[in-house]
file final_29.cif (mmCIF, C-alpha atoms and all ligand atoms)
data_coords
#
loop_
_atom_site.label_atom_id
_atom_site.label_comp_id
_atom_site.auth_asym_id
_atom_site.auth_seq_id
_atom_site.Cartn_x
_atom_site.Cartn_y
_atom_site.Cartn_z
CA MET O 1 0.00 0.00 0.00
CA GLY O 2 0.94 3.63 -0.16
CA TYR O 3 3.18 5.62 -2.49
CA CYS O 4 4.17 4.11 -5.82
CA LYS O 5 7.63 4.91 -7.20
CA GLY O 6 6.26 7.57 -9.54
CA VAL O 7 4.56 9.48 -6.72
CA SER O 8 7.58 9.17 -4.39
CA LYS O 9 9.85 10.56 -7.09
CA ALA O 10 7.45 13.42 -7.90
CA LEU O 11 7.37 14.43 -4.24
CA GLU O 12 11.16 14.35 -3.96
CA MET O 13 11.40 16.55 -7.04
CA ALA O 14 8.77 18.95 -5.68
CA GLU O 15 10.69 19.35 -2.43
CA ALA O 16 13.96 19.89 -4.31
CA ALA O 17 12.25 22.50 -6.53
CA ILE O 18 10.97 24.37 -3.46
CA GLU O 19 14.49 24.45 -2.04
CA GLN O 20 15.98 25.60 -5.33
CA ALA O 21 13.37 28.34 -5.70
CA HIS O 22 13.98 29.47 -2.14
CA ASN O 23 17.76 29.63 -2.70
CA GLU O 24 17.37 31.49 -5.98
CA ASN O 25 14.58 33.73 -4.73
CA ARG O 26 12.21 32.56 -7.48
CA ARG O 27 8.57 31.53 -7.60
CA VAL O 28 7.73 27.82 -7.55
CA TYR O 29 4.54 26.21 -8.82
CA SER O 30 3.00 22.85 -9.51
CA LEU O 31 0.78 22.34 -12.52
CA GLY O 32 -2.21 20.85 -10.72
CA LYS O 33 -1.79 19.10 -7.38
CA VAL O 34 1.41 17.05 -7.23
CA ILE O 35 -0.61 14.28 -5.58
CA HIS O 36 -4.24 13.93 -4.57
CA ASN O 37 -3.67 14.27 -0.87
CA ASN O 38 -4.68 17.37 1.06
CA GLU O 39 -2.16 16.91 3.85
CA ILE O 40 0.78 16.81 1.44
CA CYS O 41 -0.69 19.59 -0.72
CA ASN O 42 -1.03 21.82 2.36
CA TYR O 43 2.55 21.02 3.35
CA LEU O 44 3.84 21.95 -0.12
CA SER O 45 1.70 25.08 -0.16
CA ASN O 46 3.03 26.17 3.24
CA ALA O 47 6.55 25.62 1.92
CA GLY O 48 5.80 28.10 -0.88
CA MET O 49 4.58 25.99 -3.79
CA GLN O 50 1.52 27.40 -5.55
CA VAL O 51 -0.82 25.17 -7.54
CA ILE O 52 -1.62 26.69 -10.94
CA GLY O 53 -3.61 25.51 -13.94
CA GLU O 54 -1.89 27.37 -16.77
CA ALA O 55 1.22 29.38 -17.60
CA GLN O 56 -0.54 32.70 -18.06
CA GLY O 57 -1.25 35.07 -15.20
CA HIS O 58 1.71 34.18 -13.00
CA GLU O 59 5.28 35.38 -12.68
CA PRO O 60 7.39 32.65 -14.37
CA GLY O 61 9.50 30.49 -12.07
CA LEU O 62 10.01 26.79 -11.50
CA VAL O 63 7.03 24.61 -12.34
CA VAL O 64 6.71 20.98 -11.28
CA LEU O 65 4.96 18.71 -13.77
CA ARG O 66 3.38 15.84 -11.87
CA ALA O 67 3.78 12.08 -12.36
CA HIS O 68 0.80 11.74 -14.75
CA GLY O 69 2.46 13.78 -17.52
CA ILE O 70 0.95 16.69 -19.47
CA PRO O 71 -0.16 17.39 -23.05
CA ASP O 72 2.70 18.65 -25.26
CA ALA O 73 0.89 21.95 -25.98
CA VAL O 74 0.71 22.70 -22.25
CA ARG O 75 4.40 21.87 -21.85
CA SER O 76 5.24 24.28 -24.72
CA SER O 77 3.09 27.02 -23.21
CA PHE O 78 5.18 26.95 -20.02
CA ILE O 79 8.48 26.89 -21.89
CA ASP O 80 7.38 29.75 -24.14
CA ALA O 81 6.28 31.80 -21.11
CA GLY O 82 9.77 31.44 -19.57
CA TYR O 83 9.20 28.85 -16.85
CA GLU O 84 11.85 26.29 -15.87
CA LEU O 85 10.25 22.85 -16.01
CA VAL O 86 10.80 20.32 -13.24
CA ASP O 87 9.48 17.29 -15.06
CA ALA O 88 8.27 14.69 -12.56
CA THR O 89 6.46 12.65 -15.22
CA CYS O 90 6.82 9.01 -14.13
CA PRO O 91 9.29 7.20 -16.42
CA VAL O 92 6.64 4.57 -17.16
CA VAL O 93 4.21 7.27 -18.33
CA ARG O 94 6.93 9.08 -20.26
CA PHE O 95 7.80 5.87 -22.09
CA ASN O 96 4.15 5.44 -23.11
CA LEU O 97 3.88 9.04 -24.32
CA ALA O 98 7.03 8.60 -26.43
CA ASN O 99 5.60 5.38 -27.88
CA ILE O 100 2.38 7.13 -28.89
CA ALA O 101 4.44 9.56 -30.98
CA THR O 102 6.36 6.64 -32.52
CA TYR O 103 3.38 4.41 -33.30
CA ALA O 104 1.22 7.29 -34.56
CA LYS O 105 3.39 7.35 -37.69
CA THR O 106 2.29 3.83 -38.70
CA HIS O 107 -0.79 2.95 -36.62
CA SER O 108 -4.15 4.33 -35.53
CA ILE O 109 -3.84 5.09 -31.81
CA VAL O 110 -6.46 3.85 -29.37
CA ILE O 111 -6.28 5.01 -25.74
CA VAL O 112 -8.13 3.14 -23.02
CA GLY O 113 -8.51 5.40 -20.00
CA HIS O 114 -10.77 7.54 -17.86
CA SER O 115 -12.00 10.66 -19.61
CA GLY O 116 -10.48 13.76 -18.02
CA HIS O 117 -7.82 11.87 -16.05
CA PRO O 118 -4.55 13.82 -16.35
CA GLU O 119 -2.62 10.83 -17.68
CA THR O 120 -5.27 10.21 -20.35
CA ALA O 121 -5.24 13.91 -21.25
CA ALA O 122 -1.44 13.72 -21.60
CA MET O 123 -1.78 10.72 -23.92
CA GLN O 124 -4.40 12.56 -25.99
CA GLY O 125 -2.11 15.57 -26.20
CA VAL O 126 0.99 13.97 -27.73
CA GLN O 127 2.22 16.00 -30.69
CA ILE O 128 4.46 15.33 -33.68
CA ASP O 129 5.96 18.48 -35.24
CA GLY O 130 3.46 20.64 -33.39
CA GLU O 131 0.42 18.65 -34.54
CA ILE O 132 -1.66 16.54 -32.11
CA CYS O 133 -1.54 12.81 -32.93
CA PRO O 134 -5.08 11.63 -33.73
CA THR O 135 -6.31 9.23 -31.05
CA THR O 136 -9.54 7.44 -30.16
CA LEU O 137 -10.45 7.28 -26.47
CA ILE O 138 -12.25 4.24 -25.08
CA THR O 139 -13.58 4.56 -21.54
CA SER O 140 -16.01 1.61 -21.39
CA LEU O 141 -16.81 -1.71 -23.01
CA ASP O 142 -19.66 -0.14 -25.01
CA GLU O 143 -17.22 2.19 -26.71
CA VAL O 144 -15.18 -0.63 -28.25
CA ILE O 145 -16.22 -0.22 -31.89
CA PRO O 146 -14.07 -1.80 -34.63
CA PRO O 147 -12.45 0.45 -37.26
CA SER O 148 -14.63 1.02 -40.34
CA GLU O 149 -12.01 -0.80 -42.43
CA PRO O 150 -9.14 -3.12 -41.45
CA SER O 151 -6.16 -1.18 -40.19
CA SER O 152 -3.10 -1.33 -37.93
CA VAL O 153 -4.05 -0.27 -34.40
CA ALA O 154 -1.75 0.47 -31.44
CA VAL O 155 -3.56 0.35 -28.10
CA PHE O 156 -2.42 2.19 -24.97
CA VAL O 157 -3.96 1.95 -21.50
CA GLN O 158 -3.87 4.44 -18.62
CA THR O 159 -1.42 2.95 -16.13
CA THR O 160 -3.94 3.09 -13.28
CA PHE O 161 -6.98 1.84 -15.22
CA ASP O 162 -9.25 -0.78 -13.64
CA GLN O 163 -7.72 -4.21 -14.31
CA GLY O 164 -11.02 -6.09 -14.69
CA LEU O 165 -12.45 -3.59 -17.16
CA TRP O 166 -9.16 -3.48 -19.07
CA ASN O 167 -9.20 -7.27 -19.47
CA MET O 168 -12.72 -7.13 -20.94
CA ILE O 169 -11.94 -4.20 -23.23
CA LYS O 170 -8.71 -5.84 -24.35
CA GLU O 171 -10.49 -9.07 -25.24
CA LYS O 172 -13.09 -7.18 -27.26
CA ILE O 173 -10.42 -5.16 -29.11
CA GLN O 174 -8.50 -8.37 -29.78
CA GLY O 175 -11.61 -9.46 -31.71
CA TRP O 176 -10.83 -6.81 -34.34
CA THR O 177 -8.11 -9.11 -35.70
CA ALA O 178 -10.84 -11.47 -36.94
CA LEU O 179 -12.08 -8.54 -39.06
CA GLY O 180 -8.64 -8.10 -40.65
CA SER O 181 -7.08 -5.46 -38.41
CA GLU O 182 -3.64 -5.80 -36.86
CA VAL O 183 -3.82 -4.98 -33.14
CA LEU O 184 -0.84 -4.21 -30.96
CA PHE O 185 -1.24 -3.73 -27.18
CA VAL O 186 1.73 -1.48 -26.47
CA ASN O 187 1.59 -1.19 -22.67
CA GLU O 188 -0.15 -2.67 -19.67
CA ILE O 189 -1.52 -1.36 -16.39
CA CYS O 190 1.36 -0.46 -14.06
CA PRO O 191 2.43 -3.37 -11.84
CA SER O 192 2.31 -0.93 -8.92
CA SER O 193 -1.45 -0.61 -9.39
CA ILE O 194 -1.94 -4.33 -9.93
CA ASN O 195 0.11 -5.27 -6.85
CA ARG O 196 -1.85 -2.86 -4.66
CA ARG O 197 -5.18 -4.21 -5.88
CA ASN O 198 -4.13 -7.85 -5.45
CA ALA O 199 -2.80 -7.09 -1.97
CA ALA O 200 -6.06 -5.32 -1.06
CA LEU O 201 -8.09 -8.34 -2.19
CA GLU O 202 -5.86 -10.74 -0.28
CA LEU O 203 -6.21 -8.55 2.80
CA ALA O 204 -9.98 -8.32 2.37
CA GLY O 205 -10.16 -12.12 2.33
CA GLN O 206 -8.64 -12.22 5.81
CA CYS O 207 -10.64 -9.43 7.46
CA ASP O 208 -14.18 -8.52 8.50
CA ALA O 209 -13.78 -5.08 6.97
CA VAL O 210 -11.11 -2.89 5.43
CA LEU O 211 -10.25 0.77 5.92
CA VAL O 212 -8.93 2.36 2.74
CA ILE O 213 -7.00 5.52 3.56
CA GLY O 214 -6.50 8.23 0.97
CA GLY O 215 -7.65 11.56 -0.44
CA ARG O 216 -11.26 11.88 -1.62
CA GLU O 217 -9.97 13.04 -5.02
CA SER O 218 -7.60 10.09 -5.33
CA ALA O 219 -9.02 7.90 -8.09
CA ASN O 220 -6.88 4.90 -7.18
CA THR O 221 -7.97 5.09 -3.50
CA ARG O 222 -11.61 5.17 -4.54
CA ALA O 223 -10.99 2.27 -6.94
CA LEU O 224 -9.38 0.19 -4.16
CA CYS O 225 -12.39 0.73 -1.90
CA LYS O 226 -14.80 -0.15 -4.73
CA LEU O 227 -12.83 -3.29 -5.53
CA ILE O 228 -13.05 -4.52 -1.94
CA LEU O 229 -16.78 -3.74 -1.71
CA GLU O 230 -17.43 -5.52 -5.01
CA ASN O 231 -15.70 -8.58 -3.63
CA GLY O 232 -18.12 -8.71 -0.76
CA THR O 233 -16.07 -7.30 2.11
CA LYS O 234 -17.21 -4.24 4.02
CA ALA O 235 -14.94 -1.26 3.34
CA TRP O 236 -14.71 2.43 4.23
CA HIS O 237 -12.75 5.14 2.42
CA ILE O 238 -11.39 7.64 4.93
CA GLU O 239 -8.95 10.51 4.50
CA ASN O 240 -7.60 10.59 8.02
CA GLU O 241 -8.00 9.46 11.63
CA THR O 242 -10.75 11.99 12.39
CA GLU O 243 -13.15 9.88 10.30
CA ILE O 244 -12.75 6.72 12.38
CA THR O 245 -16.15 5.56 13.69
CA GLU O 246 -17.31 3.08 16.33
CA ASP O 247 -18.35 0.65 13.56
CA MET O 248 -14.75 0.51 12.41
CA ARG O 249 -13.45 0.01 15.94
CA ASN O 250 -15.94 -2.78 16.56
CA CYS O 251 -14.64 -5.05 13.81
CA ASP O 252 -12.92 -8.21 15.06
CA ILE O 253 -10.32 -8.03 12.33
CA LEU O 254 -9.96 -4.71 10.55
CA GLY O 255 -7.69 -4.53 7.52
CA ILE O 256 -5.89 -1.34 6.54
CA THR O 257 -4.75 -0.32 3.10
CA ALA O 258 -4.07 2.97 1.34
CA GLY O 259 -3.98 4.55 -2.10
CA ALA O 260 -0.81 5.26 -4.09
CA SER O 261 -0.86 8.92 -3.02
CA THR O 262 -1.36 8.39 0.73
CA PRO O 263 1.61 9.47 2.88
CA PRO O 264 2.99 6.90 5.37
CA THR O 265 2.44 9.43 8.17
CA ALA O 266 -1.31 9.54 7.44
CA ILE O 267 -1.49 5.74 7.51
CA GLN O 268 0.41 5.58 10.80
CA ARG O 269 -1.86 8.17 12.43
CA VAL O 270 -4.91 6.06 11.59
CA ILE O 271 -3.22 2.95 13.03
CA ASP O 272 -2.23 4.85 16.20
CA ALA O 273 -5.74 6.21 16.65
CA LEU O 274 -7.29 2.76 16.22
CA GLN O 275 -4.96 1.26 18.77
CA GLN O 276 -5.96 3.76 21.40
CA GLU O 277 -8.74 2.63 23.72
S1 LIG E 301 1.14 4.00 -10.85
FE1 LIG E 301 2.96 3.27 -11.95
S2 LIG E 301 2.99 4.46 -13.84
FE2 LIG E 301 1.61 5.54 -12.45
S3 LIG E 301 2.90 7.03 -11.40
FE3 LIG E 301 2.89 5.19 -10.12
S4 LIG E 301 4.72 4.04 -10.77
FE4 LIG E 301 4.27 5.53 -12.36
#
call {"tool": "encode", "arguments": {"input": "final_29.cif", "output": "structure tokens"}}
result
Amino acid sequence: MGYCKGVSKALEMAEAAIEQAHNENRRVYSLGKVIHNNEICNYLSNAGMQVIGEAQGHEPGLVVLRAHGIPDAVRSSFIDAGYELVDATCPVVRFNLANIATYAKTHSIVIVGHSGHPETAAMQGVQIDGEICPTTLITSLDEVIPPSEPSSVAVFVQTTFDQGLWNMIKEKIQGWTALGSEVLFVNEICPSSINRRNAALELAGQCDAVLVIGGRESANTRALCKLILENGTKAWHIENETEITEDMRNCDILGITAGASTPPTAIQRVIDALQQE
């Protein structure tokens, strides 16, 4: 449970950027929240990092690009406006974005992801020579519609997409080969996500109920909680120890897990609070 490598690295880079900005007397920003966790966001904000949504309207300084990556046009807008980029895009995500640009020259690009998720937006915003690569977004099984004529298709999936849904979508897309298309699945869901989900299910199998700790905005925390509920174990999604209830305390065996953006300190505080009489 807890931070994946991409999130850990992004936080390290954010802290280093704050220090650099402080030493050089410059402004420091993050493009969107570095992670979906209020405690960490408040900490970064108190240390001087301002969350912004675009390059315009702010004095240029250092800007941290979070682990999910960003569309190329947004990246260019910051460079053109004179910001120094601190690129915390997770290497796994960066590799996928580079592959979209490569495969777009020879294949139709299909992206399987959640509409509006920053990583999906980054994948939809890959450019070649200043032009956006055409892509088709699939968010659900219903949206898997074969190409109008046989073609070569390269399929990418958001690294934190739901594994069960991905398996079903993948199987349906694979069916396009029977219609004459060539289908290439370029990447898979990140093992970090898969490991956390498998661990949560294993834990759920041994407990009466599970507490899933993480920010309300954290999609992967919400997905973990949903997964446990769908598998028939009681589960609660809480952000911090103030949300602990008597129901939770009254479980014989209570499991604890956390999303990929939940700080270890937040997890420990919940454990400490539960262990108090
Ligand atoms: S889930 Fe995987 S791909 Fe996504 S940020 Fe974490 S390590 Fe990187």
call {"tool": "closest_residue", "arguments": {"input": "final_29.cif", "among": "O:Ala55, O:Ile18, O:Glu202, O:Leu137", "to": "O:Ser115", "atoms": "only C-alpha atoms"}}
result
O:Leu137
call {"tool": "closest_residue", "arguments": {"input": "final_29.cif", "among": "O:Ile228, O:Met49, O:Leu274, O:Ile100", "to": "O:Arg26", "atoms": "all atoms listed in the file"}}
result
O:Met49
call {"tool": "residues_near_ligand", "arguments": {"input": "final_29.cif", "ligand": "ligand LIG 301 (chain E)", "cutoff": "6 Å", "atoms": "all atoms listed in the file", "output": "PyMOL selection string"}}
result
chain O and resi 4-7+67+90+92-93+159-160+190+192-193
call {"tool": "atom_distance", "arguments": {"input": "final_29.cif", "atom1": "atom CA of O:Glu24", "atom2": "atom CA of O:Leu62"}}
result
10.3 Å
call {"tool": "closest_residue", "arguments": {"input": "final_29.cif", "among": "O:Val74, O:Ala266, O:His107, O:His36", "to": "O:Arg222", "atoms": "only C-alpha atoms"}}
result
O:His36
call {"tool": "atom_distance", "arguments": {"input": "final_29.cif", "atom1": "atom CA of O:Arg196", "atom2": "atom CA of O:Ala16"}}
result
27.7 Å
call {"tool": "atom_distance", "arguments": {"input": "final_29.cif", "atom1": "atom CA of O:Val34", "atom2": "atom CA of O:Leu11"}}
result
7.2 Å
call {"tool": "residues_around", "arguments": {"input": "final_29.cif", "residues": "O:Val110", "least_positions_apart": "6", "cutoff": "7 Å", "atoms": "all atoms listed in the file", "output": "PyMOL selection string"}}
result
chain O and resi 135-137+153-156
call {"tool": "residues_near_point", "arguments": {"input": "final_29.cif", "point": "(-10.5, 12.0, 0.1)", "cutoff": "8 Å", "atoms": "all atoms listed in the file", "output": "PyMOL selection string"}}
result
chain O and resi 37-38+214-218+237-239
call {"tool": "residues_around", "arguments": {"input": "final_29.cif", "residues": "O:Ile35", "least_positions_apart": "5", "cutoff": "8 Å", "atoms": "all atoms listed in the file", "output": "number ranges by chain"}}
result
O: 7, 40-41, 66, 261
call {"tool": "closest_atom_pairs", "arguments": {"input": "final_29.cif", "of": "stretch 61-139 of chain O", "to": "stretch 162-182 of chain O", "cutoff": "10 Å", "atoms": "all atoms listed in the file", "output": "Markdown table"}}
result
| residue | atom | partner | partner_atom | distance |
| --- | --- | --- | --- | --- |
| O:His107 | CA | O:Glu182 | CA | 9.2 |
| O:Val110 | CA | O:Ile173 | CA | 9.8 |
| O:Val112 | CA | O:Trp166 | CA | 7.8 |
| O:Gly113 | CA | O:Asp162 | CA | 8.9 |
| O:His114 | CA | O:Asp162 | CA | 9.5 |
| O:Ile138 | CA | O:Ile169 | CA | 8.6 |
| O:Thr139 | CA | O:Ile169 | CA | 9.1 |
call {"tool": "closest_residue", "arguments": {"input": "final_29.cif", "among": "O:Cys251, O:Asn96, O:Thr242, O:Leu31", "to": "O:Asp272", "atoms": "only C-alpha atoms"}}
result
O:Thr242
call {"tool": "closest_residue", "arguments": {"input": "final_29.cif", "among": "O:Ser77, O:Gln20, O:Ile111, O:Ser152", "to": "O:Pro134", "atoms": "all atoms listed in the file"}}
result
O:Ile111
call {"tool": "residues_around", "arguments": {"input": "final_29.cif", "residues": "O:Val210", "least_positions_apart": "4", "cutoff": "7 Å", "atoms": "only C-alpha atoms", "output": "list of chain:residue names"}}
result
O:Ala204, O:Lys234, O:Ala235, O:Trp236, O:Leu254, O:Gly255, O:Ile256
